[in-house]
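Novice: Have a peek at upload27.cif (mmCIF, C-alpha atoms and all ligand atoms; chains and numbers go by the auth columns).
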```
data_upload
#
loop_
_atom_site.group_PDB
_atom_site.id
_atom_site.type_symbol
_atom_site.label_atom_id
_atom_site.label_comp_id
_atom_site.label_asym_id
_atom_site.label_seq_id
_atom_site.Cartn_x
_atom_site.Cartn_y
_atom_site.Cartn_z
_atom_site.B_iso_or_equiv
_atom_site.auth_seq_id
_atom_site.auth_asym_id
ATOM 1 C CA MET A 1 5.657 -42.853 22.540 0.00 1 A
ATOM 2 C CA ILE A 2 6.769 -41.815 26.008 0.00 2 A
ATOM 3 C CA PHE A 3 8.273 -44.960 27.578 0.00 3 A
ATOM 4 C CA THR A 4 9.669 -48.186 26.261 0.00 4 A
ATOM 5 C CA LYS A 5 9.894 -50.929 28.843 0.00 5 A
ATOM 6 C CA GLU A 6 13.638 -50.521 29.112 0.00 6 A
ATOM 7 C CA MET A 7 13.472 -46.743 29.554 0.00 7 A
ATOM 8 C CA ALA A 8 10.745 -47.096 32.152 0.00 8 A
ATOM 9 C CA HIS A 9 12.790 -49.578 34.185 0.00 9 A
ATOM 10 C CA GLN A 10 15.848 -47.388 34.108 0.00 10 A
ATOM 11 C CA GLN A 11 13.846 -44.419 35.321 0.00 11 A
ATOM 12 C CA ILE A 12 11.945 -46.392 37.938 0.00 12 A
ATOM 13 C CA THR A 13 15.264 -47.534 39.442 0.00 13 A
ATOM 14 C CA GLU A 14 16.284 -43.891 39.660 0.00 14 A
ATOM 15 C CA LEU A 15 12.898 -42.966 41.140 0.00 15 A
ATOM 16 C CA LEU A 16 12.955 -45.691 43.809 0.00 16 A
ATOM 17 C CA GLU A 17 16.298 -44.388 45.018 0.00 17 A
ATOM 18 C CA VAL A 18 14.693 -41.077 45.988 0.00 18 A
ATOM 19 C CA GLN A 19 11.213 -42.410 46.771 0.00 19 A
ATOM 20 C CA SER A 20 12.005 -45.547 48.757 0.00 20 A
ATOM 21 C CA GLY A 21 8.404 -45.876 49.966 0.00 21 A
ATOM 22 C CA LEU A 22 7.361 -46.983 46.489 0.00 22 A
ATOM 23 C CA HIS A 23 7.734 -50.416 44.890 0.00 23 A
ATOM 24 C CA ILE A 24 6.744 -52.151 41.666 0.00 24 A
ATOM 25 C CA GLU A 25 3.355 -53.708 42.273 0.00 25 A
ATOM 26 C CA ALA A 26 2.602 -55.167 38.868 0.00 26 A
ATOM 27 C CA GLU A 27 4.032 -55.239 35.399 0.00 27 A
ATOM 28 C CA SER A 28 2.695 -56.205 31.997 0.00 28 A
ATOM 29 C CA GLU A 29 3.573 -55.502 28.374 0.00 29 A
ATOM 30 C CA THR A 30 1.379 -52.391 28.439 0.00 30 A
ATOM 31 C CA GLN A 31 2.117 -50.812 31.821 0.00 31 A
ATOM 32 C CA ILE A 32 4.095 -50.797 35.039 0.00 32 A
ATOM 33 C CA GLU A 33 2.293 -50.064 38.249 0.00 33 A
ATOM 34 C CA LEU A 34 3.975 -48.690 41.370 0.00 34 A
ATOM 35 C CA THR A 35 2.341 -48.491 44.768 0.00 35 A
ATOM 36 C CA GLY A 36 3.313 -47.363 48.243 0.00 36 A
ATOM 37 C CA ASP A 37 3.959 -44.006 49.834 0.00 37 A
ATOM 38 C CA ILE A 38 5.316 -41.020 48.089 0.00 38 A
ATOM 39 C CA PHE A 39 7.187 -38.589 50.324 0.00 39 A
ATOM 40 C CA ILE A 40 6.532 -34.916 49.711 0.00 40 A
ATOM 41 C CA ASN A 41 8.978 -32.471 51.207 0.00 41 A
ATOM 42 C CA CYS A 42 8.468 -28.953 49.995 0.00 42 A
ATOM 43 C CA LYS A 43 8.541 -25.414 51.268 0.00 43 A
ATOM 44 C CA SER A 44 7.110 -22.362 49.559 0.00 44 A
ATOM 45 C CA LYS A 45 5.148 -19.208 50.385 0.00 45 A
ATOM 46 C CA GLY A 46 5.860 -19.674 54.095 0.00 46 A
ATOM 47 C CA PHE A 47 4.253 -23.113 54.170 0.00 47 A
ATOM 48 C CA PHE A 48 6.221 -26.290 54.825 0.00 48 A
ATOM 49 C CA LEU A 49 4.903 -29.703 53.812 0.00 49 A
ATOM 50 C CA SER A 50 6.619 -32.921 54.876 0.00 50 A
ATOM 51 C CA GLU A 51 4.262 -35.831 54.506 0.00 51 A
ATOM 52 C CA ASN A 52 3.732 -39.304 53.044 0.00 52 A
ATOM 53 C CA TYR A 53 0.881 -39.965 50.637 0.00 53 A
ATOM 54 C CA PRO A 54 -0.267 -43.447 49.628 0.00 54 A
ATOM 55 C CA VAL A 55 -0.497 -43.625 45.839 0.00 55 A
ATOM 56 C CA GLN A 56 -0.710 -45.870 42.845 0.00 56 A
ATOM 57 C CA ILE A 57 1.384 -44.674 39.911 0.00 57 A
ATOM 58 C CA VAL A 58 0.791 -46.094 36.454 0.00 58 A
ATOM 59 C CA ILE A 59 3.398 -45.826 33.711 0.00 59 A
ATOM 60 C CA PRO A 60 1.960 -46.813 30.313 0.00 60 A
ATOM 61 C CA LEU A 61 4.455 -48.564 28.020 0.00 61 A
ATOM 62 C CA ASN A 62 4.910 -48.114 24.265 0.00 62 A
ATOM 63 C CA SER A 63 2.082 -45.621 24.277 0.00 63 A
ATOM 64 C CA ASN A 64 1.429 -41.921 23.969 0.00 64 A
ATOM 65 C CA GLU A 65 -0.490 -41.947 27.214 0.00 65 A
ATOM 66 C CA LEU A 66 1.118 -39.993 30.044 0.00 66 A
ATOM 67 C CA PRO A 67 1.976 -41.558 33.411 0.00 67 A
ATOM 68 C CA TYR A 68 -0.666 -40.860 36.056 0.00 68 A
ATOM 69 C CA VAL A 69 -1.282 -41.002 39.785 0.00 69 A
ATOM 70 C CA ILE A 70 -4.264 -42.536 41.569 0.00 70 A
ATOM 71 C CA ASP A 71 -5.171 -41.456 45.083 0.00 71 A
ATOM 72 C CA ASN A 72 -5.962 -45.076 45.946 0.00 72 A
ATOM 73 C CA GLU A 73 -6.576 -44.515 49.652 0.00 73 A
ATOM 74 C CA ASN A 74 -8.680 -41.390 49.255 0.00 74 A
ATOM 75 C CA ARG A 75 -6.336 -38.973 50.963 0.00 75 A
ATOM 76 C CA ILE A 76 -7.584 -36.118 48.798 0.00 76 A
ATOM 77 C CA ALA A 77 -11.001 -34.734 49.779 0.00 77 A
ATOM 78 C CA LYS A 78 -13.737 -35.999 47.443 0.00 78 A
ATOM 79 C CA ASP A 79 -14.983 -32.476 46.766 0.00 79 A
ATOM 80 C CA TYR A 80 -11.549 -31.174 45.740 0.00 80 A
ATOM 81 C CA PRO A 81 -11.972 -30.074 42.099 0.00 81 A
ATOM 82 C CA HIS A 82 -8.632 -31.504 40.906 0.00 82 A
ATOM 83 C CA ARG A 83 -9.289 -35.125 41.753 0.00 83 A
ATOM 84 C CA TYR A 84 -11.390 -37.131 39.306 0.00 84 A
ATOM 85 C CA ASP A 85 -14.102 -39.488 40.552 0.00 85 A
ATOM 86 C CA ASN A 86 -11.954 -42.528 39.706 0.00 86 A
ATOM 87 C CA GLY A 87 -9.241 -41.233 42.044 0.00 87 A
ATOM 88 C CA LYS A 88 -6.942 -39.974 39.311 0.00 88 A
ATOM 89 C CA LEU A 89 -5.156 -36.749 40.179 0.00 89 A
ATOM 90 C CA CYS A 90 -5.555 -33.803 37.821 0.00 90 A
ATOM 91 C CA LEU A 91 -1.874 -32.846 37.791 0.00 91 A
ATOM 92 C CA GLU A 92 -1.808 -30.269 34.992 0.00 92 A
ATOM 93 C CA THR A 93 -3.068 -30.004 31.413 0.00 93 A
ATOM 94 C CA GLU A 94 -1.895 -32.864 29.198 0.00 94 A
ATOM 95 C CA THR A 95 -0.274 -30.223 27.002 0.00 95 A
ATOM 96 C CA SER A 96 2.019 -28.902 29.734 0.00 96 A
ATOM 97 C CA ILE A 97 3.117 -32.369 30.834 0.00 97 A
ATOM 98 C CA ARG A 98 3.495 -33.692 27.287 0.00 98 A
ATOM 99 C CA ILE A 99 5.765 -30.798 26.321 0.00 99 A
ATOM 100 C CA ARG A 100 8.012 -31.513 29.315 0.00 100 A
ATOM 101 C CA PHE A 101 8.338 -35.156 28.282 0.00 101 A
ATOM 102 C CA LEU A 102 9.599 -34.229 24.794 0.00 102 A
ATOM 103 C CA ASP A 103 13.125 -33.594 26.025 0.00 103 A
ATOM 104 C CA SER A 104 14.604 -36.238 28.323 0.00 104 A
ATOM 105 C CA PHE A 105 12.285 -35.494 31.207 0.00 105 A
ATOM 106 C CA SER A 106 12.580 -38.212 33.831 0.00 106 A
ATOM 107 C CA LEU A 107 10.046 -39.746 36.189 0.00 107 A
ATOM 108 C CA VAL A 108 11.957 -38.181 39.093 0.00 108 A
ATOM 109 C CA GLU A 109 11.509 -34.753 37.521 0.00 109 A
ATOM 110 C CA TRP A 110 7.878 -35.513 36.737 0.00 110 A
ATOM 111 C CA ILE A 111 7.248 -36.318 40.422 0.00 111 A
ATOM 112 C CA ARG A 112 9.060 -33.208 41.559 0.00 112 A
ATOM 113 C CA GLU A 113 7.467 -30.829 39.099 0.00 113 A
ATOM 114 C CA PHE A 114 3.907 -32.104 38.940 0.00 114 A
ATOM 115 C CA VAL A 115 3.152 -34.525 41.782 0.00 115 A
ATOM 116 C CA GLU A 116 4.918 -32.646 44.589 0.00 116 A
ATOM 117 C CA THR A 117 3.380 -29.408 43.378 0.00 117 A
ATOM 118 C CA TYR A 118 -0.012 -31.087 43.298 0.00 118 A
ATOM 119 C CA TYR A 119 0.081 -32.207 46.935 0.00 119 A
ATOM 120 C CA PHE A 120 1.620 -28.954 48.059 0.00 120 A
ATOM 121 C CA SER A 121 -1.139 -26.946 46.327 0.00 121 A
ATOM 122 C CA TYR A 122 -3.774 -29.244 47.796 0.00 122 A
ATOM 123 C CA GLU A 123 -2.589 -28.854 51.390 0.00 123 A
ATOM 124 C CA PHE A 124 -2.065 -25.134 50.924 0.00 124 A
ATOM 125 C CA PHE A 125 -5.602 -24.802 49.552 0.00 125 A
ATOM 126 C CA GLN A 126 -7.065 -26.813 52.439 0.00 126 A
ATOM 127 C CA ARG A 127 -5.449 -24.437 54.938 0.00 127 A
ATOM 128 C CA TYR A 128 -5.718 -21.056 53.283 0.00 128 A
ATOM 129 C CA GLY A 129 -8.563 -21.456 50.771 0.00 129 A
ATOM 130 C CA GLU A 130 -6.421 -20.321 47.857 0.00 130 A
ATOM 131 C CA PHE A 131 -3.949 -21.835 45.441 0.00 131 A
ATOM 132 C CA PRO A 132 -0.270 -20.986 46.001 0.00 132 A
ATOM 133 C CA PHE A 133 0.632 -20.925 42.298 0.00 133 A
ATOM 134 C CA GLY A 134 -2.797 -20.206 40.790 0.00 134 A
ATOM 135 C CA GLU A 135 -5.244 -22.744 39.454 0.00 135 A
ATOM 136 C CA ARG A 136 -5.561 -24.366 36.048 0.00 136 A
ATOM 137 C CA GLY A 137 -9.015 -24.651 34.485 0.00 137 A
ATOM 138 C CA HIS A 138 -10.322 -27.887 33.005 0.00 138 A
ATOM 139 C CA GLY A 139 -11.073 -28.889 29.408 0.00 139 A
ATOM 140 C CA VAL A 140 -10.800 -26.205 26.764 0.00 140 A
ATOM 141 C CA GLN A 141 -10.310 -23.506 29.396 0.00 141 A
ATOM 142 C CA GLY A 142 -7.196 -25.276 30.664 0.00 142 A
ATOM 143 C CA ILE A 143 -5.844 -25.694 27.133 0.00 143 A
ATOM 144 C CA VAL A 144 -6.308 -21.992 26.363 0.00 144 A
ATOM 145 C CA GLU A 145 -4.666 -21.005 29.674 0.00 145 A
ATOM 146 C CA THR A 146 -1.714 -23.251 28.876 0.00 146 A
ATOM 147 C CA TYR A 147 -1.146 -21.543 25.522 0.00 147 A
ATOM 148 C CA GLN A 148 -1.639 -18.095 27.049 0.00 148 A
ATOM 149 C CA GLU A 149 1.392 -18.953 29.174 0.00 149 A
ATOM 150 C CA LEU A 150 3.393 -20.644 26.428 0.00 150 A
ATOM 151 C CA PHE A 151 2.848 -17.793 23.950 0.00 151 A
ATOM 152 C CA GLN A 152 3.068 -15.110 26.660 0.00 152 A
ATOM 153 C CA GLU A 153 -0.165 -13.665 25.304 0.00 153 A
ATOM 154 C CA LYS A 154 -3.160 -12.859 27.516 0.00 154 A
ATOM 155 C CA ASP A 155 -5.768 -12.384 24.767 0.00 155 A
ATOM 156 C CA PRO A 156 -7.371 -15.789 24.060 0.00 156 A
ATOM 157 C CA ILE A 157 -8.480 -14.702 20.565 0.00 157 A
ATOM 158 C CA LYS A 158 -4.873 -13.893 19.624 0.00 158 A
ATOM 159 C CA VAL A 159 -3.773 -17.196 21.120 0.00 159 A
ATOM 160 C CA PHE A 160 -6.297 -19.035 18.969 0.00 160 A
ATOM 161 C CA ALA A 161 -5.213 -17.104 15.834 0.00 161 A
ATOM 162 C CA LEU A 162 -1.576 -18.008 16.517 0.00 162 A
ATOM 163 C CA MET A 163 -2.459 -21.677 17.023 0.00 163 A
ATOM 164 C CA LYS A 164 -4.412 -21.690 13.739 0.00 164 A
ATOM 165 C CA ALA A 165 -1.477 -20.183 11.838 0.00 165 A
ATOM 166 C CA ILE A 166 0.958 -22.673 13.387 0.00 166 A
ATOM 167 C CA CYS A 167 -1.269 -25.529 12.201 0.00 167 A
ATOM 168 C CA GLU A 168 -1.835 -24.202 8.712 0.00 168 A
ATOM 169 C CA HIS A 169 1.324 -22.520 7.389 0.00 169 A
ATOM 170 C CA PRO A 170 5.084 -22.876 7.536 0.00 170 A
ATOM 171 C CA TYR A 171 6.943 -20.158 9.461 0.00 171 A
ATOM 172 C CA ARG A 172 7.312 -16.965 7.428 0.00 172 A
ATOM 173 C CA GLY A 173 8.919 -14.252 9.516 0.00 173 A
ATOM 174 C CA HIS A 174 8.293 -11.507 6.978 0.00 174 A
ATOM 175 C CA SER A 175 4.532 -12.096 6.758 0.00 175 A
ATOM 176 C CA LEU A 176 2.069 -10.337 9.072 0.00 176 A
ATOM 177 C CA CYS A 177 1.712 -11.733 12.574 0.00 177 A
ATOM 178 C CA PRO A 178 -1.530 -13.730 12.881 0.00 178 A
ATOM 179 C CA CYS A 179 -2.343 -11.872 16.120 0.00 179 A
ATOM 180 C CA GLY A 180 -3.546 -8.902 14.064 0.00 180 A
ATOM 181 C CA SER A 181 -0.964 -6.379 15.267 0.00 181 A
ATOM 182 C CA ASN A 182 -0.099 -5.413 11.665 0.00 182 A
ATOM 183 C CA GLN A 183 3.546 -6.077 12.416 0.00 183 A
ATOM 184 C CA LYS A 184 5.783 -8.659 10.803 0.00 184 A
ATOM 185 C CA LEU A 185 5.669 -12.041 12.549 0.00 185 A
ATOM 186 C CA ARG A 186 9.396 -11.926 13.327 0.00 186 A
ATOM 187 C CA LEU A 187 8.989 -8.542 15.036 0.00 187 A
ATOM 188 C CA CYS A 188 5.898 -9.608 16.982 0.00 188 A
ATOM 189 C CA HIS A 189 5.091 -13.095 18.352 0.00 189 A
ATOM 190 C CA GLY A 190 7.566 -14.812 16.020 0.00 190 A
ATOM 191 C CA PRO A 191 10.479 -15.350 18.422 0.00 191 A
ATOM 192 C CA ILE A 192 8.172 -16.980 21.007 0.00 192 A
ATOM 193 C CA VAL A 193 6.059 -19.133 18.690 0.00 193 A
ATOM 194 C CA MET A 194 8.694 -20.089 16.094 0.00 194 A
ATOM 195 C CA LYS A 195 9.515 -23.420 17.749 0.00 195 A
ATOM 196 C CA TYR A 196 5.857 -24.520 17.502 0.00 196 A
ATOM 197 C CA TYR A 197 6.120 -24.121 13.721 0.00 197 A
ATOM 198 C CA MET A 198 9.552 -25.718 13.417 0.00 198 A
ATOM 199 C CA ASP A 199 9.570 -28.607 15.893 0.00 199 A
ATOM 200 C CA ASN A 200 7.418 -31.361 14.478 0.00 200 A
ATOM 201 C CA ARG A 201 6.612 -32.824 17.882 0.00 201 A
ATOM 202 C CA LEU A 202 5.464 -29.464 19.276 0.00 202 A
ATOM 203 C CA ASN A 203 3.550 -28.810 16.064 0.00 203 A
ATOM 204 C CA LYS A 204 1.616 -32.055 16.523 0.00 204 A
ATOM 205 C CA ILE A 205 0.681 -31.083 20.086 0.00 205 A
ATOM 206 C CA VAL A 206 -0.595 -27.690 18.899 0.00 206 A
ATOM 207 C CA GLN A 207 -2.573 -29.376 16.109 0.00 207 A
ATOM 208 C CA ALA A 208 -4.347 -31.702 18.539 0.00 208 A
ATOM 209 C CA ASP A 209 -5.150 -28.847 20.920 0.00 209 A
ATOM 210 C CA TYR A 210 -6.264 -26.541 18.109 0.00 210 A
ATOM 211 C CA LYS A 211 -8.676 -29.220 16.939 0.00 211 A
ATOM 212 C CA ASN A 212 -10.041 -29.590 20.470 0.00 212 A
ATOM 213 C CA ILE A 213 -10.730 -25.874 20.799 0.00 213 A
ATOM 214 C CA TYR A 214 -12.102 -25.681 17.250 0.00 214 A
ATOM 215 C CA ASP A 215 -14.518 -28.575 17.827 0.00 215 A
ATOM 216 C CA TYR A 216 -15.593 -27.027 21.106 0.00 216 A
ATOM 217 C CA LEU A 217 -16.360 -23.696 19.416 0.00 217 A
ATOM 218 C CA VAL A 218 -18.275 -25.376 16.586 0.00 218 A
ATOM 219 C CA ASN A 219 -20.285 -27.255 19.175 0.00 219 A
ATOM 220 C CA CYS A 220 -21.090 -24.039 21.086 0.00 220 A
ATOM 221 C CA TYR A 221 -22.224 -22.438 17.851 0.00 221 A
ATOM 222 C CA GLU A 222 -24.451 -25.400 16.959 0.00 222 A
ATOM 223 C CA GLN A 223 -26.079 -25.242 20.374 0.00 223 A
ATOM 224 C CA LEU A 224 -26.709 -21.513 19.999 0.00 224 A
ATOM 225 C CA ARG A 225 -28.308 -22.056 16.613 0.00 225 A
ATOM 226 C CA TYR A 226 -30.439 -24.848 17.990 0.00 226 A
ATOM 227 C CA ARG A 227 -31.634 -22.610 20.808 0.00 227 A
ATOM 228 C CA GLU A 228 -32.439 -19.803 18.383 0.00 228 A
ATOM 229 C CA LYS A 229 -34.540 -22.191 16.296 0.00 229 A
ATOM 230 C CA ALA A 230 -36.402 -23.458 19.347 0.00 230 A
ATOM 231 C CA LYS A 231 -37.507 -19.934 20.285 0.00 231 A
HETATM 232 ZN ZN ZN B . -7.798 -30.004 37.602 0.00 301 B
HETATM 233 ZN ZN ZN B . 1.775 -10.898 17.113 0.00 302 B
#
```
Let me see the structure of the file written as structure tokens.

Specialist:
Amino acid sequence: MIFTKEMAHQQITELLEVQSGLHIEAESETQIELTGDIFINCKSKGFFLSENYPVQIVIPLNSNELPYVIDNENRIAKDYPHRYDNGKLCLETETSIRIRFLDSFSLVEWIREFVETYYFSYEFFQRYGEFPFGERGHGVQGIVETYQELFQEKDPIKVFALMKAICEHPYRGHSLCPCGSNQKLRLCHGPIVMKYYMDNRLNKIVQADYKNIYDYLVNCYEQLRYREKAK
């Protein structure tokens, strides 16, 4: 669970102090909805953005669902790949955001880290045709990219092998590293991936993502087989 009602209110108070263009629009037992303008003031890579964006922000209560932002006045171009058809902004992979929320990550920090960066990247892309901090793929591609960063490992096959091991065994530093290097885990990827074995909350996130990738691969294989048969 990410927010109880009490936690959400505390953090919204803090948020409205820095984002005074927002207000609580509606509230129920399951979510709090903020609307108004969010002010983005950011400078990076020689580009300065200082602009208000009308948004609707939804904070689910007593749920595992992450908070999200809706571009309710269509300020983001319809053909921009990181805006869903329903207006929801594609801020980052769920994995990246979820991991940040594990350790006292506030709504203010969430806005700064993900929402500001989103609008900054958007405006930068509109002007220069490229993304200032790179671009995250969608679906399974995005998940794999996220773990490539988290595990500091470029090879997606090694990433997948590490995820599998994290899901299936306890941490054993003296056993061989699942990446196939023939070195002991503690002398190879161990120091980086140890917390995903040890921290139950991180382990659960890896398990869900591993299952996603696994199901995707099984599905690809089934389709290949089907095509072979049809020949
Ligand atoms: Zn996206
Ligand atoms: Zn390794």

Novice: How close does each residue of chain A get to ligand ZN 302 (chain B), giving the shortest atom pair and distance in Å to one decimal for every residue with an atom at most 10 Å away, counting all atoms listed in the file, sorted by chain and residue number, as JSON lines?

Specialist:
```
{"residue": "A:Phe151", "atom": "CA", "partner": "B:ZN302", "partner_atom": "ZN", "distance": 9.8}
{"residue": "A:Glu153", "atom": "CA", "partner": "B:ZN302", "partner_atom": "ZN", "distance": 8.9}
{"residue": "A:Lys158", "atom": "CA", "partner": "B:ZN302", "partner_atom": "ZN", "distance": 7.7}
{"residue": "A:Val159", "atom": "CA", "partner": "B:ZN302", "partner_atom": "ZN", "distance": 9.3}
{"residue": "A:Ala161", "atom": "CA", "partner": "B:ZN302", "partner_atom": "ZN", "distance": 9.4}
{"residue": "A:Leu162", "atom": "CA", "partner": "B:ZN302", "partner_atom": "ZN", "distance": 7.9}
{"residue": "A:Leu176", "atom": "CA", "partner": "B:ZN302", "partner_atom": "ZN", "distance": 8.1}
{"residue": "A:Cys177", "atom": "CA", "partner": "B:ZN302", "partner_atom": "ZN", "distance": 4.6}
{"residue": "A:Pro178", "atom": "CA", "partner": "B:ZN302", "partner_atom": "ZN", "distance": 6.1}
{"residue": "A:Cys179", "atom": "CA", "partner": "B:ZN302", "partner_atom": "ZN", "distance": 4.3}
{"residue": "A:Gly180", "atom": "CA", "partner": "B:ZN302", "partner_atom": "ZN", "distance": 6.4}
{"residue": "A:Ser181", "atom": "CA", "partner": "B:ZN302", "partner_atom": "ZN", "distance": 5.6}
{"residue": "A:Asn182", "atom": "CA", "partner": "B:ZN302", "partner_atom": "ZN", "distance": 8.0}
{"residue": "A:Gln183", "atom": "CA", "partner": "B:ZN302", "partner_atom": "ZN", "distance": 7.0}
{"residue": "A:Lys184", "atom": "CA", "partner": "B:ZN302", "partner_atom": "ZN", "distance": 7.8}
{"residue": "A:Leu185", "atom": "CA", "partner": "B:ZN302", "partner_atom": "ZN", "distance": 6.1}
{"residue": "A:Arg186", "atom": "CA", "partner": "B:ZN302", "partner_atom": "ZN", "distance": 8.6}
{"residue": "A:Leu187", "atom": "CA", "partner": "B:ZN302", "partner_atom": "ZN", "distance": 7.9}
{"residue": "A:Cys188", "atom": "CA", "partner": "B:ZN302", "partner_atom": "ZN", "distance": 4.3}
{"residue": "A:His189", "atom": "CA", "partner": "B:ZN302", "partner_atom": "ZN", "distance": 4.2}
{"residue": "A:Gly190", "atom": "CA", "partner": "B:ZN302", "partner_atom": "ZN", "distance": 7.1}
{"residue": "A:Pro191", "atom": "CA", "partner": "B:ZN302", "partner_atom": "ZN", "distance": 9.9}
{"residue": "A:Ile192", "atom": "CA", "partner": "B:ZN302", "partner_atom": "ZN", "distance": 9.6}
{"residue": "A:Val193", "atom": "CA", "partner": "B:ZN302", "partner_atom": "ZN", "distance": 9.4}
```

Novice: Expand the PyMOL selection byres (((not hetatm)) within 9 of (chain B and resi 301)) into the individual residues it matches in the shown file, reporting them as a PyMOL selection string.

Specialist: chain A and resi 81-84+89-93+135-139+142

Novice: Please, could you write that set of residues out with C-alpha atoms as a PDB file, in the coordinates of the input?

Specialist:
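The resulting file, part22.pdb, is shown below:
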```pdb
ATOM      1  CA  PRO A  81     -11.972 -30.074  42.099  1.00  0.00           C
ATOM      2  CA  HIS A  82      -8.632 -31.504  40.906  1.00  0.00           C
ATOM      3  CA  ARG A  83      -9.289 -35.125  41.753  1.00  0.00           C
ATOM      4  CA  TYR A  84     -11.390 -37.131  39.306  1.00  0.00           C
ATOM      5  CA  LEU A  89      -5.156 -36.749  40.179  1.00  0.00           C
ATOM      6  CA  CYS A  90      -5.555 -33.803  37.821  1.00  0.00           C
ATOM      7  CA  LEU A  91      -1.874 -32.846  37.791  1.00  0.00           C
ATOM      8  CA  GLU A  92      -1.808 -30.269  34.992  1.00  0.00           C
ATOM      9  CA  THR A  93      -3.068 -30.004  31.413  1.00  0.00           C
ATOM     10  CA  GLU A 135      -5.244 -22.744  39.454  1.00  0.00           C
ATOM     11  CA  ARG A 136      -5.561 -24.366  36.048  1.00  0.00           C
ATOM     12  CA  GLY A 137      -9.015 -24.651  34.485  1.00  0.00           C
ATOM     13  CA  HIS A 138     -10.322 -27.887  33.005  1.00  0.00           C
ATOM     14  CA  GLY A 139     -11.073 -28.889  29.408  1.00  0.00           C
ATOM     15  CA  GLY A 142      -7.196 -25.276  30.664  1.00  0.00           C
TER      16      GLY A 142
END
```

Novice: Quick one: distance from CA of Glu73 (chain A) to CA of Val58 (chain A) in Å, one decimal?

Specialist: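 If I compute the distance from CA of Glu73 (chain A) to CA of Val58 (chain A), I get 15.2 Å.
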
Novice: Taking all listed atoms of region 91-103 of chain A, build the axis-aligned box, pad each of the six sides by 3 Å, then write its centre and edge lengths in Å to one decimal as JSON.

Specialist:
```
{"center_x": 5.0, "center_y": -32.0, "center_z": 31.3, "size_x": 22.2, "size_y": 12.3, "size_z": 19.0}
```

Novice: Run the PyMOL selection byres (((chain A and resi 37-43) around 7) and not hetatm) mentally over the shown coordinates, then write out the matched residues as a VMD selection string, using the chain letters and numbers from the document.

Specialist: chain A and resid 19 21 to 22 35 to 36 44 46 to 55 116

Novice: Save the residues we just selected, C-alpha atoms, as an mmCIF file, in the frame of the given file?

Specialist:
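Output below, filename out-v3.cif:
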```cif
data_model
loop_
_atom_site.group_PDB
_atom_site.id
_atom_site.type_symbol
_atom_site.label_atom_id
_atom_site.label_comp_id
_atom_site.auth_asym_id
_atom_site.auth_seq_id
_atom_site.Cartn_x
_atom_site.Cartn_y
_atom_site.Cartn_z
ATOM 1 C CA GLN A 19 11.213 -42.410 46.771
ATOM 2 C CA GLY A 21 8.404 -45.876 49.966
ATOM 3 C CA LEU A 22 7.361 -46.983 46.489
ATOM 4 C CA THR A 35 2.341 -48.491 44.768
ATOM 5 C CA GLY A 36 3.313 -47.363 48.243
ATOM 6 C CA SER A 44 7.110 -22.362 49.559
ATOM 7 C CA GLY A 46 5.860 -19.674 54.095
ATOM 8 C CA PHE A 47 4.253 -23.113 54.170
ATOM 9 C CA PHE A 48 6.221 -26.290 54.825
ATOM 10 C CA LEU A 49 4.903 -29.703 53.812
ATOM 11 C CA SER A 50 6.619 -32.921 54.876
ATOM 12 C CA GLU A 51 4.262 -35.831 54.506
ATOM 13 C CA ASN A 52 3.732 -39.304 53.044
ATOM 14 C CA TYR A 53 0.881 -39.965 50.637
ATOM 15 C CA PRO A 54 -0.267 -43.447 49.628
ATOM 16 C CA VAL A 55 -0.497 -43.625 45.839
ATOM 17 C CA GLU A 116 4.918 -32.646 44.589
#
```

Novice: For Asn212 (chain A), please output as a PyMOL selection string all residues within 12 Å (counting only C-alpha atoms; exclusion window: fewer than 4 positions along the same chain).

Specialist: chain A and resi 95+139-144+160+163-164+205-208+216-219

Novice: From the list A:Ile157, A:Val115, A:Leu202, A:Val108, which residue is nearest Glu17 (chain A) when using all atoms listed in the file?

Specialist: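 Smallest separation from Glu17 (chain A) among the options: A:Val108.
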
Novice: By how many Å are CA of Phe101 (chain A) and CA of Ile57 (chain A) apart?

Specialist: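 Calculated distance between CA of Phe101 (chain A) and CA of Ile57 (chain A) is 16.6 Å.
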
Novice: Counting all atoms listed in the file, which of A:Ser121, A:Gln126, A:Asn200, A:Ser96 gets nearest to Leu150 (chain A)?

Specialist: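 Selected residue with least distance to Leu150 (chain A): A:Ser96.
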
Novice: Which residues would end up in the selection if the PyMOL selection byres (((chain A and resi 100) around 12) and not hetatm) were applied here, given that I need the answer as an mmCIF file with C-alpha atoms, keeping the file's coordinate frame?

Specialist:
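Below is the file selection.cif, written as the result:
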```cif
data_model
loop_
_atom_site.group_PDB
_atom_site.id
_atom_site.type_symbol
_atom_site.label_atom_id
_atom_site.label_comp_id
_atom_site.auth_asym_id
_atom_site.auth_seq_id
_atom_site.Cartn_x
_atom_site.Cartn_y
_atom_site.Cartn_z
ATOM 1 C CA ILE A 2 6.769 -41.815 26.008
ATOM 2 C CA LEU A 66 1.118 -39.993 30.044
ATOM 3 C CA GLU A 92 -1.808 -30.269 34.992
ATOM 4 C CA THR A 93 -3.068 -30.004 31.413
ATOM 5 C CA GLU A 94 -1.895 -32.864 29.198
ATOM 6 C CA THR A 95 -0.274 -30.223 27.002
ATOM 7 C CA SER A 96 2.019 -28.902 29.734
ATOM 8 C CA ILE A 97 3.117 -32.369 30.834
ATOM 9 C CA ARG A 98 3.495 -33.692 27.287
ATOM 10 C CA ILE A 99 5.765 -30.798 26.321
ATOM 11 C CA PHE A 101 8.338 -35.156 28.282
ATOM 12 C CA LEU A 102 9.599 -34.229 24.794
ATOM 13 C CA ASP A 103 13.125 -33.594 26.025
ATOM 14 C CA SER A 104 14.604 -36.238 28.323
ATOM 15 C CA PHE A 105 12.285 -35.494 31.207
ATOM 16 C CA SER A 106 12.580 -38.212 33.831
ATOM 17 C CA LEU A 107 10.046 -39.746 36.189
ATOM 18 C CA GLU A 109 11.509 -34.753 37.521
ATOM 19 C CA TRP A 110 7.878 -35.513 36.737
ATOM 20 C CA GLU A 113 7.467 -30.829 39.099
ATOM 21 C CA PHE A 114 3.907 -32.104 38.940
ATOM 22 C CA ARG A 201 6.612 -32.824 17.882
ATOM 23 C CA LEU A 202 5.464 -29.464 19.276
ATOM 24 C CA ILE A 205 0.681 -31.083 20.086
#
```
